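**Q** What follows is target_5.cif; its format and atoms are mmCIF, C-alpha atoms.
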data_query
loop_
_atom_site.group_PDB
_atom_site.id
_atom_site.type_symbol
_atom_site.label_atom_id
_atom_site.label_comp_id
_atom_site.auth_asym_id
_atom_site.auth_seq_id
_atom_site.Cartn_x
_atom_site.Cartn_y
_atom_site.Cartn_z
ATOM 1 C CA MET A 1 72.563 111.237 110.314
ATOM 2 C CA SER A 2 76.303 111.933 110.534
ATOM 3 C CA TYR A 3 77.015 115.529 109.558
ATOM 4 C CA TRP A 4 80.709 114.748 109.093
ATOM 5 C CA LYS A 5 79.870 111.926 106.679
ATOM 6 C CA GLU A 6 77.562 114.164 104.668
ATOM 7 C CA PHE A 7 80.335 116.738 104.348
ATOM 8 C CA THR A 8 83.248 114.429 103.528
ATOM 9 C CA LYS A 9 81.527 112.031 101.111
ATOM 10 C CA GLY A 10 81.859 114.468 98.210
ATOM 11 C CA LEU A 11 85.584 115.040 98.657
ATOM 12 C CA ILE A 12 86.814 111.669 97.369
ATOM 13 C CA LYS A 13 84.438 108.733 97.908
ATOM 14 C CA GLU A 14 81.521 110.318 96.008
ATOM 15 C CA ASN A 15 83.420 113.092 94.249
ATOM 16 C CA PRO A 16 80.921 114.375 91.656
ATOM 17 C CA ASN A 17 83.607 114.988 89.088
ATOM 18 C CA LEU A 18 86.116 112.159 89.467
ATOM 19 C CA VAL A 19 83.757 109.405 90.659
ATOM 20 C CA GLY A 20 80.337 110.502 89.375
ATOM 21 C CA LEU A 21 81.881 111.840 86.126
ATOM 22 C CA LEU A 22 79.609 114.895 86.215
ATOM 23 C CA GLY A 23 80.454 118.422 85.137
ATOM 24 C CA MET A 24 82.979 117.304 82.536
ATOM 25 C CA CYS A 25 82.516 120.344 80.276
ATOM 26 C CA PRO A 26 83.964 123.002 82.629
ATOM 27 C CA THR A 27 86.499 120.483 83.933
ATOM 28 C CA LEU A 28 88.116 120.163 80.516
ATOM 29 C CA ALA A 29 87.494 123.718 79.331
ATOM 30 C CA VAL A 30 88.735 126.000 82.124
ATOM 31 C CA THR A 31 91.520 123.950 83.717
ATOM 32 C CA THR A 32 94.401 125.145 81.566
ATOM 33 C CA GLN A 33 95.479 127.120 84.653
ATOM 34 C CA ALA A 34 95.178 126.244 88.344
ATOM 35 C CA VAL A 35 93.668 129.607 89.281
ATOM 36 C CA ASN A 36 90.875 129.145 86.737
ATOM 37 C CA GLY A 37 90.077 125.744 88.232
ATOM 38 C CA ILE A 38 89.875 127.213 91.741
ATOM 39 C CA GLY A 39 87.711 130.090 90.511
ATOM 40 C CA MET A 40 85.227 127.866 88.700
ATOM 41 C CA GLY A 41 85.165 125.398 91.585
ATOM 42 C CA LEU A 42 84.488 128.025 94.254
ATOM 43 C CA ALA A 43 81.848 129.726 92.108
ATOM 44 C CA THR A 44 80.101 126.380 91.671
ATOM 45 C CA THR A 45 80.428 125.686 95.407
ATOM 46 C CA PHE A 46 78.756 129.014 96.199
ATOM 47 C CA VAL A 47 75.840 128.231 93.891
ATOM 48 C CA LEU A 48 75.598 124.637 95.120
ATOM 49 C CA LEU A 49 75.564 125.661 98.778
ATOM 50 C CA GLY A 50 73.031 128.439 98.302
ATOM 51 C CA SER A 51 70.665 126.458 96.080
ATOM 52 C CA ASN A 52 70.759 123.417 98.368
ATOM 53 C CA ILE A 53 69.784 125.571 101.363
ATOM 54 C CA VAL A 54 66.937 127.346 99.568
ATOM 55 C CA ILE A 55 65.584 124.173 97.945
ATOM 56 C CA SER A 56 65.697 122.372 101.295
ATOM 57 C CA LEU A 57 63.775 125.222 102.933
ATOM 58 C CA LEU A 58 61.143 125.140 100.160
ATOM 59 C CA ARG A 59 60.998 121.362 99.723
ATOM 60 C CA ASN A 60 57.451 121.147 101.130
ATOM 61 C CA VAL A 61 56.265 124.183 99.180
ATOM 62 C CA ILE A 62 57.493 123.530 95.630
ATOM 63 C CA PRO A 63 54.883 121.482 93.674
ATOM 64 C CA LYS A 64 56.275 118.261 92.233
ATOM 65 C CA SER A 65 54.847 119.084 88.796
ATOM 66 C CA VAL A 66 57.059 122.177 88.419
ATOM 67 C CA LYS A 67 60.000 121.340 90.662
ATOM 68 C CA LEU A 68 62.614 121.312 87.886
ATOM 69 C CA PRO A 69 61.757 124.820 86.592
ATOM 70 C CA CYS A 70 61.733 126.042 90.200
ATOM 71 C CA TYR A 71 65.167 124.525 90.817
ATOM 72 C CA ILE A 72 66.553 126.214 87.702
ATOM 73 C CA VAL A 73 65.144 129.615 88.742
ATOM 74 C CA ILE A 74 66.715 129.293 92.209
ATOM 75 C CA ILE A 75 70.062 128.177 90.784
ATOM 76 C CA ALA A 76 70.008 130.919 88.144
ATOM 77 C CA GLY A 77 69.533 133.516 90.873
ATOM 78 C CA PHE A 78 72.716 132.418 92.649
ATOM 79 C CA VAL A 79 74.612 132.211 89.340
ATOM 80 C CA THR A 80 73.602 135.782 88.530
ATOM 81 C CA LEU A 81 74.784 136.925 91.966
ATOM 82 C CA ILE A 82 78.201 135.241 91.706
ATOM 83 C CA SER A 83 78.574 136.568 88.140
ATOM 84 C CA PHE A 84 78.023 140.137 89.340
ATOM 85 C CA LEU A 85 80.500 139.653 92.198
ATOM 86 C CA LEU A 86 83.222 138.227 89.954
ATOM 87 C CA HIS A 87 82.640 140.859 87.276
ATOM 88 C CA GLY A 88 82.921 143.623 89.848
ATOM 89 C CA TYR A 89 85.771 142.371 92.021
ATOM 90 C CA VAL A 90 87.704 139.775 89.972
ATOM 91 C CA PRO A 91 87.253 140.852 86.336
ATOM 92 C CA ASP A 92 90.241 138.851 85.060
ATOM 93 C CA LEU A 93 88.786 135.611 86.420
ATOM 94 C CA TYR A 94 85.352 136.581 85.102
ATOM 95 C CA ASP A 95 86.787 136.993 81.605
ATOM 96 C CA ALA A 96 88.779 133.742 81.868
ATOM 97 C CA LEU A 97 85.728 131.678 82.821
ATOM 98 C CA GLY A 98 83.616 133.290 80.120
ATOM 99 C CA THR A 99 80.369 131.582 79.189
ATOM 100 C CA PHE A 100 81.102 128.588 81.415
ATOM 101 C CA LEU A 101 80.253 130.748 84.422
ATOM 102 C CA ASN A 102 76.682 131.209 83.197
ATOM 103 C CA LEU A 103 76.447 127.517 82.320
ATOM 104 C CA ILE A 104 76.660 126.708 86.042
ATOM 105 C CA THR A 105 72.868 127.165 85.934
ATOM 106 C CA VAL A 106 72.461 123.852 84.111
ATOM 107 C CA ASN A 107 75.404 122.060 85.710
ATOM 108 C CA CYS A 108 74.249 118.486 86.287
ATOM 109 C CA ILE A 109 76.059 118.378 89.651
ATOM 110 C CA ILE A 110 73.870 121.152 91.070
ATOM 111 C CA LEU A 111 70.634 119.858 89.564
ATOM 112 C CA GLY A 112 71.530 116.336 90.685
ATOM 113 C CA ARG A 113 72.120 117.328 94.326
ATOM 114 C CA ALA A 114 68.903 119.359 94.315
ATOM 115 C CA GLU A 115 66.895 116.373 93.072
ATOM 116 C CA MET A 116 68.660 113.600 94.976
ATOM 117 C CA PHE A 117 69.367 115.268 98.312
ATOM 118 C CA ALA A 118 68.250 118.840 99.011
ATOM 119 C CA CYS A 119 64.572 118.253 98.241
ATOM 120 C CA LYS A 120 64.495 115.269 100.624
ATOM 121 C CA ASN A 121 66.540 116.482 103.608
ATOM 122 C CA LYS A 122 66.680 119.282 106.165
ATOM 123 C CA VAL A 123 68.735 122.440 105.844
ATOM 124 C CA ILE A 124 71.922 121.530 107.739
ATOM 125 C CA PRO A 125 72.529 118.169 105.984
ATOM 126 C CA SER A 126 71.703 119.803 102.641
ATOM 127 C CA ALA A 127 74.145 122.641 103.300
ATOM 128 C CA LEU A 128 76.906 120.201 104.273
ATOM 129 C CA ASP A 129 76.162 118.049 101.232
ATOM 130 C CA GLY A 130 76.400 121.063 98.932
ATOM 131 C CA LEU A 131 79.575 122.338 100.580
ATOM 132 C CA GLY A 132 81.277 118.930 100.460
ATOM 133 C CA MET A 133 80.313 118.276 96.845
ATOM 134 C CA GLY A 134 81.387 121.764 95.859
ATOM 135 C CA LEU A 135 84.771 121.475 97.536
ATOM 136 C CA GLY A 136 85.255 118.050 95.949
ATOM 137 C CA PHE A 137 84.546 119.609 92.556
ATOM 138 C CA THR A 138 86.954 122.462 93.363
ATOM 139 C CA LEU A 139 89.656 119.985 94.357
ATOM 140 C CA ALA A 140 89.246 118.099 91.084
ATOM 141 C CA LEU A 141 89.496 121.283 89.000
ATOM 142 C CA PHE A 142 92.476 122.507 91.014
ATOM 143 C CA LEU A 143 94.345 119.227 90.474
ATOM 144 C CA MET A 144 93.529 119.273 86.774
ATOM 145 C CA GLY A 145 94.536 122.892 86.404
ATOM 146 C CA SER A 146 97.770 122.441 88.365
ATOM 147 C CA VAL A 147 98.973 119.471 86.323
ATOM 148 C CA ARG A 148 98.040 121.024 82.994
ATOM 149 C CA GLU A 149 99.580 124.401 83.840
ATOM 150 C CA ILE A 150 102.825 122.906 85.153
ATOM 151 C CA MET A 151 103.241 120.476 82.274
ATOM 152 C CA GLY A 152 101.833 122.637 79.517
ATOM 153 C CA SER A 153 102.944 126.157 80.453
ATOM 154 C CA GLY A 154 105.913 125.623 82.767
ATOM 155 C CA SER A 155 104.290 127.634 85.556
ATOM 156 C CA TRP A 156 101.976 127.218 88.551
ATOM 157 C CA MET A 157 99.520 129.824 89.801
ATOM 158 C CA GLY A 158 101.253 132.237 87.432
ATOM 159 C CA ILE A 159 104.709 131.565 88.917
ATOM 160 C CA GLU A 160 107.307 130.469 86.372
ATOM 161 C CA ILE A 161 109.023 127.115 86.991
ATOM 162 C CA SER A 162 112.449 127.464 85.450
ATOM 163 C CA PHE A 163 113.371 123.775 85.267
ATOM 164 C CA MET A 164 110.144 122.750 83.469
ATOM 165 C CA HIS A 165 110.103 122.463 79.695
ATOM 166 C CA PRO A 166 106.482 123.127 78.603
ATOM 167 C CA VAL A 167 104.701 120.482 76.538
ATOM 168 C CA SER A 168 101.900 122.359 74.798
ATOM 169 C CA VAL A 169 99.714 119.284 74.323
ATOM 170 C CA PHE A 170 98.761 119.444 78.008
ATOM 171 C CA VAL A 171 96.879 122.719 77.513
ATOM 172 C CA MET A 172 95.030 121.234 74.531
ATOM 173 C CA SER A 173 91.928 119.061 74.619
ATOM 174 C CA ALA A 174 93.887 115.823 74.228
ATOM 175 C CA GLY A 175 96.075 116.700 77.202
ATOM 176 C CA GLY A 176 93.000 117.509 79.261
ATOM 177 C CA PHE A 177 91.488 114.090 78.608
ATOM 178 C CA PHE A 178 94.792 112.379 79.418
ATOM 179 C CA VAL A 179 95.241 114.214 82.734
ATOM 180 C CA LEU A 180 91.596 113.634 83.668
ATOM 181 C CA GLY A 181 91.929 109.902 83.046
ATOM 182 C CA CYS A 182 95.077 109.683 85.178
ATOM 183 C CA ILE A 183 93.476 111.562 88.076
ATOM 184 C CA ILE A 184 90.309 109.434 87.891
ATOM 185 C CA ALA A 185 92.439 106.274 88.017
ATOM 186 C CA LEU A 186 94.328 107.623 91.043
ATOM 187 C CA VAL A 187 91.126 108.558 92.888
ATOM 188 C CA ASN A 188 89.599 105.134 92.194
ATOM 189 C CA LYS A 189 92.747 103.563 93.621
ATOM 190 C CA ILE A 190 92.550 105.706 96.762
ATOM 191 C CA ALA A 191 88.830 105.071 97.172
ATOM 192 C CA GLY A 192 89.427 101.339 96.803
ATOM 193 C CA LYS A 193 86.997 100.903 93.922
ATOM 194 C CA LYS A 194 87.278 97.516 92.265
ATOM 195 C CA PRO A 195 86.928 97.001 88.498
ATOM 196 C CA PRO A 196 83.668 95.481 87.245
ATOM 197 C CA GLN A 197 83.482 91.771 88.028
ATOM 198 C CA LYS A 198 83.163 89.230 85.246
ATOM 199 C CA ILE A 199 79.553 88.337 84.552
ATOM 200 C CA GLY A 200 78.716 84.669 84.154
ATOM 201 C CA CYS A 201 77.354 81.542 85.826
ATOM 202 C CA ALA A 202 80.656 80.794 87.595
ATOM 203 C CA GLY A 203 80.342 83.778 89.907
ATOM 204 C CA CYS A 204 76.621 83.431 90.591
ATOM 205 C CA PRO A 205 75.605 82.078 94.038
ATOM 206 C CA ASN A 206 72.549 80.417 92.458
ATOM 207 C CA ALA A 207 74.531 78.619 89.775
ATOM 208 C CA SER A 208 73.993 75.162 91.287
ATOM 209 C CA VAL A 209 70.238 75.690 91.633
ATOM 210 C CA CYS A 210 69.980 77.033 88.111
ATOM 211 C CA LYS A 211 71.920 74.040 86.780
ATOM 212 C CA SER A 212 69.706 71.540 88.566
ATOM 213 C CA VAL A 213 66.544 73.238 87.313
ATOM 214 C CA LYS A 214 67.912 73.257 83.786
ATOM 215 C CA GLY A 215 68.830 69.575 84.061
ATOM 216 C CA GLY A 216 65.365 68.716 85.366
ATOM 217 C CA ASN A 217 63.720 70.519 82.484
ATOM 218 C CA GLU A 218 65.878 68.687 79.973
ATOM 219 C CA GLU A 219 64.851 65.354 81.487
#
What does this structure look like when you write it as structure tokens?

**A**
Amino acid sequence: MSYWKEFTKGLIKENPNLVGLLGMCPTLAVTTQAVNGIGMGLATTFVLLGSNIVISLLRNVIPKSVKLPCYIVIIAGFVTLISFLLHGYVPDLYDALGTFLNLITVNCIILGRAEMFACKNKVIPSALDGLGMGLGFTLALFLMGSVREIMGSGSWMGIEISFMHPVSVFVMSAGGFFVLGCIIALVNKIAGKKPPQKIGCAGCPNASVCKSVKGGNEE
């Protein structure tokens, strides 16, 4: 198993946010400023990394019949820890993220990696998977927050940009969807993803066989 591949796959190729289209709620809600996107992304990365490690360590201990409740308890523990840390040391960011910080507990990215990877692999690959996916999520939120803050508020990371004329729609829901769609299109272009191919007999390798069988039946 390539450790480098496990780490880098979540950055662009399998980005949970821009390719997997997971975690859309915080992506649209907290990215009105770049710093909020970084804060939410790093908080999620912390929880993702910690939960992946613990779930990997306990993968042979957790009964299959109660694995989902166990995953949620483990994830909730890390969410509580990061909430206390942000509340104590970065209160402004804690207030900005609001209830979305607690909703990390049921973030489908974290539950998905726990179910699809951490419970089936050893600790090091699981840690790298969680770190890569978390940083990919952080990158997506940072890009979203940067574009929306620059275009909608005329600033970046709280620094005023004098030559920018703010367009308030970018800090609204409609602007969030527009920016998200543009970034997803760009990432798909970089990743080399092709659009869905046309479905029909013309593109099927068994078309000739199917046609001959159909003709035989008609005769």

**Q** For Asp92 (chain A), which residue out of A:Asn36, A:Thr27, A:Gly10, A:Gly158 is the nearest one, using only C-alpha atoms?

**A**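 For Asp92 (chain A), the nearest of the candidates is A:Asn36.
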
**Q** Taking only C-alpha atoms into account, name the residue in A:Pro63, A:Pro69, A:Gly112, A:Gly152 that is nearest to Gly130 (chain A).

**A**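 Smallest distance to Gly130 (chain A) is found for A:Gly112.
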
**Q** What does the structure give for the distance between CA of Glu14 (chain A) and CA of Gly136 (chain A), in Å to one decimal?

**A** 8.6 Å

**Q** So which residues get picked by the PyMOL selection byres ((chain A and resi 6) around 8) here, written as a list of chain:residue names?

**A**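 Checking the PyMOL selection byres ((chain A and resi 6) around 8) against this file, the residues are A:Ser2, A:Tyr3, A:Trp4, A:Lys5, A:Phe7, A:Thr8, A:Lys9, A:Gly10, A:Pro125, A:Leu128, A:Asp129, A:Gly132.
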
**Q** Using only C-alpha atoms, please write the residues we just selected to a file, as a PDB file, keeping the file's coordinate frame.

**A**
ATOM      1  CA  SER A   2      76.303 111.933 110.534  1.00  0.00           C
ATOM      2  CA  TYR A   3      77.015 115.529 109.558  1.00  0.00           C
ATOM      3  CA  TRP A   4      80.709 114.748 109.093  1.00  0.00           C
ATOM      4  CA  LYS A   5      79.870 111.926 106.679  1.00  0.00           C
ATOM      5  CA  PHE A   7      80.335 116.738 104.348  1.00  0.00           C
ATOM      6  CA  THR A   8      83.248 114.429 103.528  1.00  0.00           C
ATOM      7  CA  LYS A   9      81.527 112.031 101.111  1.00  0.00           C
ATOM      8  CA  GLY A  10      81.859 114.468  98.210  1.00  0.00           C
ATOM      9  CA  PRO A 125      72.529 118.169 105.984  1.00  0.00           C
ATOM     10  CA  LEU A 128      76.906 120.201 104.273  1.00  0.00           C
ATOM     11  CA  ASP A 129      76.162 118.049 101.232  1.00  0.00           C
ATOM     12  CA  GLY A 132      81.277 118.930 100.460  1.00  0.00           C
TER      13      GLY A 132
END

**Q** Let me make sure I understand: among A:Leu11, A:Ile82, A:Val19, A:Ser126, which one has the smallest atom-to-atom distance to Lys189 (chain A) if we use all atoms listed in the file?

**A**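 Nearest to Lys189 (chain A): A:Val19.
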
**Q** With the PyMOL selection byres ((chain A and resi 188) around 12) as the selection, what would be picked from this file? Answer as a count of residues only, please.

**A** 23

**Q** Run the PyMOL selection byres ((chain A and resi 113-120) around 12) against the file shown and list the residues it catches, as a ChimeraX atom specification.

**A** /A:6,10,14,16,20,22,45,47-64,67-72,74-75,106-112,121-134

**Q** Selected residues, C-alpha atoms, written as a compact mmCIF listing (two decimals), in the coordinates of the input, please.

**A**
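Result written to part_17.txt:
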# COMPACT_ATOMS: atom_id res chain seq x y z
CA GLU A 6 77.56 114.16 104.67
CA GLY A 10 81.86 114.47 98.21
CA GLU A 14 81.52 110.32 96.01
CA PRO A 16 80.92 114.38 91.66
CA GLY A 20 80.34 110.50 89.38
CA LEU A 22 79.61 114.90 86.22
CA THR A 45 80.43 125.69 95.41
CA VAL A 47 75.84 128.23 93.89
CA LEU A 48 75.60 124.64 95.12
CA LEU A 49 75.56 125.66 98.78
CA GLY A 50 73.03 128.44 98.30
CA SER A 51 70.67 126.46 96.08
CA ASN A 52 70.76 123.42 98.37
CA ILE A 53 69.78 125.57 101.36
CA VAL A 54 66.94 127.35 99.57
CA ILE A 55 65.58 124.17 97.94
CA SER A 56 65.70 122.37 101.30
CA LEU A 57 63.78 125.22 102.93
CA LEU A 58 61.14 125.14 100.16
CA ARG A 59 61.00 121.36 99.72
CA ASN A 60 57.45 121.15 101.13
CA VAL A 61 56.26 124.18 99.18
CA ILE A 62 57.49 123.53 95.63
CA PRO A 63 54.88 121.48 93.67
CA LYS A 64 56.28 118.26 92.23
CA LYS A 67 60.00 121.34 90.66
CA LEU A 68 62.61 121.31 87.89
CA PRO A 69 61.76 124.82 86.59
CA CYS A 70 61.73 126.04 90.20
CA TYR A 71 65.17 124.52 90.82
CA ILE A 72 66.55 126.21 87.70
CA ILE A 74 66.72 129.29 92.21
CA ILE A 75 70.06 128.18 90.78
CA VAL A 106 72.46 123.85 84.11
CA ASN A 107 75.40 122.06 85.71
CA CYS A 108 74.25 118.49 86.29
CA ILE A 109 76.06 118.38 89.65
CA ILE A 110 73.87 121.15 91.07
CA LEU A 111 70.63 119.86 89.56
CA GLY A 112 71.53 116.34 90.68
CA ASN A 121 66.54 116.48 103.61
CA LYS A 122 66.68 119.28 106.16
CA VAL A 123 68.74 122.44 105.84
CA ILE A 124 71.92 121.53 107.74
CA PRO A 125 72.53 118.17 105.98
CA SER A 126 71.70 119.80 102.64
CA ALA A 127 74.14 122.64 103.30
CA LEU A 128 76.91 120.20 104.27
CA ASP A 129 76.16 118.05 101.23
CA GLY A 130 76.40 121.06 98.93
CA LEU A 131 79.58 122.34 100.58
CA GLY A 132 81.28 118.93 100.46
CA MET A 133 80.31 118.28 96.84
CA GLY A 134 81.39 121.76 95.86

**Q** When you look at Ala96 (chain A) with a cut-off of 10 Å (counting only C-alpha atoms), what residues show up, excluding the ones that are within fewer than 3 positions of it in the same chain? I need them as a PyMOL selection string.

**A** chain A and resi 30+33+35-36+39-40+91-93+99-101

**Q** What separation in Å, quoted to one decimal, exists between CA of Ala174 (chain A) and CA of Leu28 (chain A)?

**A**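 The value is 9.6 Å.
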
**Q** At a cut-off of 9 Å, using only C-alpha atoms, what residues contact Leu139 (chain A)? Leave out same-chain residues fewer than 2 positions from it and give the result as a ChimeraX atom specification.

**A** /A:11,37-38,41,134-137,141-144

**Q** Draw an axis-aligned box over all listed atoms of region 73-92 of chain A, pad each side with 4 Å, and write its centre and edge lengths in Å, one decimal, as JSON.

**A**
{"center_x": 77.7, "center_y": 135.9, "center_z": 88.9, "size_x": 33.1, "size_y": 23.4, "size_z": 15.6}

**Q** Looking at A:Gly175, A:Ala43, A:Phe78, A:Gly154, which one is nearest to Val90 (chain A), with distances taken over all atoms listed in the file?

**A** A:Ala43

**Q** Using CA of Ile159 (chain A) and CA of Asp95 (chain A) as the two end points, give the distance in Å to one decimal.

**A**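 Between CA of Ile159 (chain A) and CA of Asp95 (chain A) the gap works out to 20.1 Å.
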
**Q** Find the residue from A:Ser173, A:Ser168, A:Thr31, A:Asn102 that sits nearest to Ala140 (chain A); use all atoms listed in the file when measuring.

**A**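 Selected residue with least distance to Ala140 (chain A): A:Thr31.
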
**Q** Export region 13-101 of chain A from the structure block above, keeping C-alpha atoms, as a PDB file, in the first residue's frame.

**A**
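Contents of out_4.pdb, freshly written:
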ATOM      1  CA  LYS A  13      -8.663  13.249  -7.113  1.00  0.00           C
ATOM      2  CA  GLU A  14     -11.048  12.020  -4.386  1.00  0.00           C
ATOM      3  CA  ASN A  15     -11.711  15.335  -2.665  1.00  0.00           C
ATOM      4  CA  PRO A  16     -14.676  14.571  -0.377  1.00  0.00           C
ATOM      5  CA  ASN A  17     -16.222  17.961  -0.926  1.00  0.00           C
ATOM      6  CA  LEU A  18     -15.592  18.847  -4.567  1.00  0.00           C
ATOM      7  CA  VAL A  19     -15.592  15.334  -6.060  1.00  0.00           C
ATOM      8  CA  GLY A  20     -17.619  13.276  -3.570  1.00  0.00           C
ATOM      9  CA  LEU A  21     -20.023  16.205  -2.960  1.00  0.00           C
ATOM     10  CA  LEU A  22     -20.106  15.457   0.773  1.00  0.00           C
ATOM     11  CA  GLY A  23     -20.313  17.948   3.614  1.00  0.00           C
ATOM     12  CA  MET A  24     -22.214  20.518   1.572  1.00  0.00           C
ATOM     13  CA  CYS A  25     -23.992  22.087   4.562  1.00  0.00           C
ATOM     14  CA  PRO A  26     -20.926  23.611   6.286  1.00  0.00           C
ATOM     15  CA  THR A  27     -19.365  24.338   2.894  1.00  0.00           C
ATOM     16  CA  LEU A  28     -22.172  26.721   1.981  1.00  0.00           C
ATOM     17  CA  ALA A  29     -22.899  28.005   5.481  1.00  0.00           C
ATOM     18  CA  VAL A  30     -19.538  29.055   6.946  1.00  0.00           C
ATOM     19  CA  THR A  31     -17.556  30.088   3.863  1.00  0.00           C
ATOM     20  CA  THR A  32     -18.558  33.739   3.746  1.00  0.00           C
ATOM     21  CA  GLN A  33     -15.016  34.431   4.998  1.00  0.00           C
ATOM     22  CA  ALA A  34     -11.762  32.601   4.259  1.00  0.00           C
ATOM     23  CA  VAL A  35     -10.776  32.348   7.924  1.00  0.00           C
ATOM     24  CA  ASN A  36     -14.060  30.618   8.765  1.00  0.00           C
ATOM     25  CA  GLY A  37     -13.427  28.080   6.008  1.00  0.00           C
ATOM     26  CA  ILE A  38      -9.939  27.334   7.346  1.00  0.00           C
ATOM     27  CA  GLY A  39     -11.265  27.044  10.900  1.00  0.00           C
ATOM     28  CA  MET A  40     -14.051  24.630  10.003  1.00  0.00           C
ATOM     29  CA  GLY A  41     -11.743  22.635   7.742  1.00  0.00           C
ATOM     30  CA  LEU A  42      -9.000  22.225  10.347  1.00  0.00           C
ATOM     31  CA  ALA A  43     -11.517  21.359  13.064  1.00  0.00           C
ATOM     32  CA  THR A  44     -12.973  18.671  10.808  1.00  0.00           C
ATOM     33  CA  THR A  45      -9.465  17.437   9.962  1.00  0.00           C
ATOM     34  CA  PHE A  46      -8.668  17.079  13.668  1.00  0.00           C
ATOM     35  CA  VAL A  47     -11.817  15.037  14.266  1.00  0.00           C
ATOM     36  CA  LEU A  48     -11.304  12.984  11.103  1.00  0.00           C
ATOM     37  CA  LEU A  49      -7.698  12.155  11.963  1.00  0.00           C
ATOM     38  CA  GLY A  50      -8.436  11.260  15.572  1.00  0.00           C
ATOM     39  CA  SER A  51     -11.537   9.181  14.851  1.00  0.00           C
ATOM     40  CA  ASN A  52      -9.839   7.287  12.018  1.00  0.00           C
ATOM     41  CA  ILE A  53      -6.950   6.324  14.318  1.00  0.00           C
ATOM     42  CA  VAL A  54      -9.184   5.196  17.184  1.00  0.00           C
ATOM     43  CA  ILE A  55     -11.617   3.307  14.939  1.00  0.00           C
ATOM     44  CA  SER A  56      -8.713   1.574  13.195  1.00  0.00           C
ATOM     45  CA  LEU A  57      -7.267   0.531  16.559  1.00  0.00           C
ATOM     46  CA  LEU A  58     -10.660  -0.834  17.678  1.00  0.00           C
ATOM     47  CA  ARG A  59     -11.721  -2.326  14.341  1.00  0.00           C
ATOM     48  CA  ASN A  60     -11.456  -5.909  15.645  1.00  0.00           C
ATOM     49  CA  VAL A  61     -13.152  -5.061  18.937  1.00  0.00           C
ATOM     50  CA  ILE A  62     -16.251  -3.100  17.893  1.00  0.00           C
ATOM     51  CA  PRO A  63     -19.182  -5.503  17.211  1.00  0.00           C
ATOM     52  CA  LYS A  64     -20.654  -5.126  13.736  1.00  0.00           C
ATOM     53  CA  SER A  65     -24.179  -4.880  15.167  1.00  0.00           C
ATOM     54  CA  VAL A  66     -23.397  -1.627  17.012  1.00  0.00           C
ATOM     55  CA  LYS A  67     -20.562  -0.191  14.942  1.00  0.00           C
ATOM     56  CA  LEU A  68     -22.428   2.950  13.850  1.00  0.00           C
ATOM     57  CA  PRO A  69     -23.335   4.050  17.411  1.00  0.00           C
ATOM     58  CA  CYS A  70     -19.741   3.325  18.447  1.00  0.00           C
ATOM     59  CA  TYR A  71     -18.407   5.449  15.586  1.00  0.00           C
ATOM     60  CA  ILE A  72     -20.673   8.340  16.579  1.00  0.00           C
ATOM     61  CA  VAL A  73     -19.554   8.153  20.233  1.00  0.00           C
ATOM     62  CA  ILE A  74     -15.879   8.220  19.192  1.00  0.00           C
ATOM     63  CA  ILE A  75     -16.432  11.105  16.772  1.00  0.00           C
ATOM     64  CA  ALA A  76     -18.499  13.030  19.326  1.00  0.00           C
ATOM     65  CA  GLY A  77     -15.645  12.761  21.815  1.00  0.00           C
ATOM     66  CA  PHE A  78     -13.222  14.455  19.416  1.00  0.00           C
ATOM     67  CA  VAL A  79     -15.828  17.086  18.482  1.00  0.00           C
ATOM     68  CA  THR A  80     -16.311  17.921  22.156  1.00  0.00           C
ATOM     69  CA  LEU A  81     -12.543  18.251  22.606  1.00  0.00           C
ATOM     70  CA  ILE A  82     -12.069  20.584  19.619  1.00  0.00           C
ATOM     71  CA  SER A  83     -15.111  22.614  20.731  1.00  0.00           C
ATOM     72  CA  PHE A  84     -13.566  23.174  24.163  1.00  0.00           C
ATOM     73  CA  LEU A  85     -10.229  24.152  22.599  1.00  0.00           C
ATOM     74  CA  LEU A  86     -11.786  26.650  20.187  1.00  0.00           C
ATOM     75  CA  HIS A  87     -14.059  28.092  22.869  1.00  0.00           C
ATOM     76  CA  GLY A  88     -11.107  28.588  25.187  1.00  0.00           C
ATOM     77  CA  TYR A  89      -8.432  29.803  22.784  1.00  0.00           C
ATOM     78  CA  VAL A  90     -10.221  31.094  19.652  1.00  0.00           C
ATOM     79  CA  PRO A  91     -13.609  32.342  20.895  1.00  0.00           C
ATOM     80  CA  ASP A  92     -14.268  34.517  17.830  1.00  0.00           C
ATOM     81  CA  LEU A  93     -13.927  31.525  15.504  1.00  0.00           C
ATOM     82  CA  TYR A  94     -16.010  29.415  17.887  1.00  0.00           C
ATOM     83  CA  ASP A  95     -18.827  31.964  17.714  1.00  0.00           C
ATOM     84  CA  ALA A  96     -18.523  32.278  13.918  1.00  0.00           C
ATOM     85  CA  LEU A  97     -18.840  28.529  13.350  1.00  0.00           C
ATOM     86  CA  GLY A  98     -21.742  28.262  15.771  1.00  0.00           C
ATOM     87  CA  THR A  99     -23.837  25.112  15.649  1.00  0.00           C
ATOM     88  CA  PHE A 100     -22.004  23.803  12.585  1.00  0.00           C
ATOM     89  CA  LEU A 101     -19.067  22.948  14.836  1.00  0.00           C
TER      90      LEU A 101
END
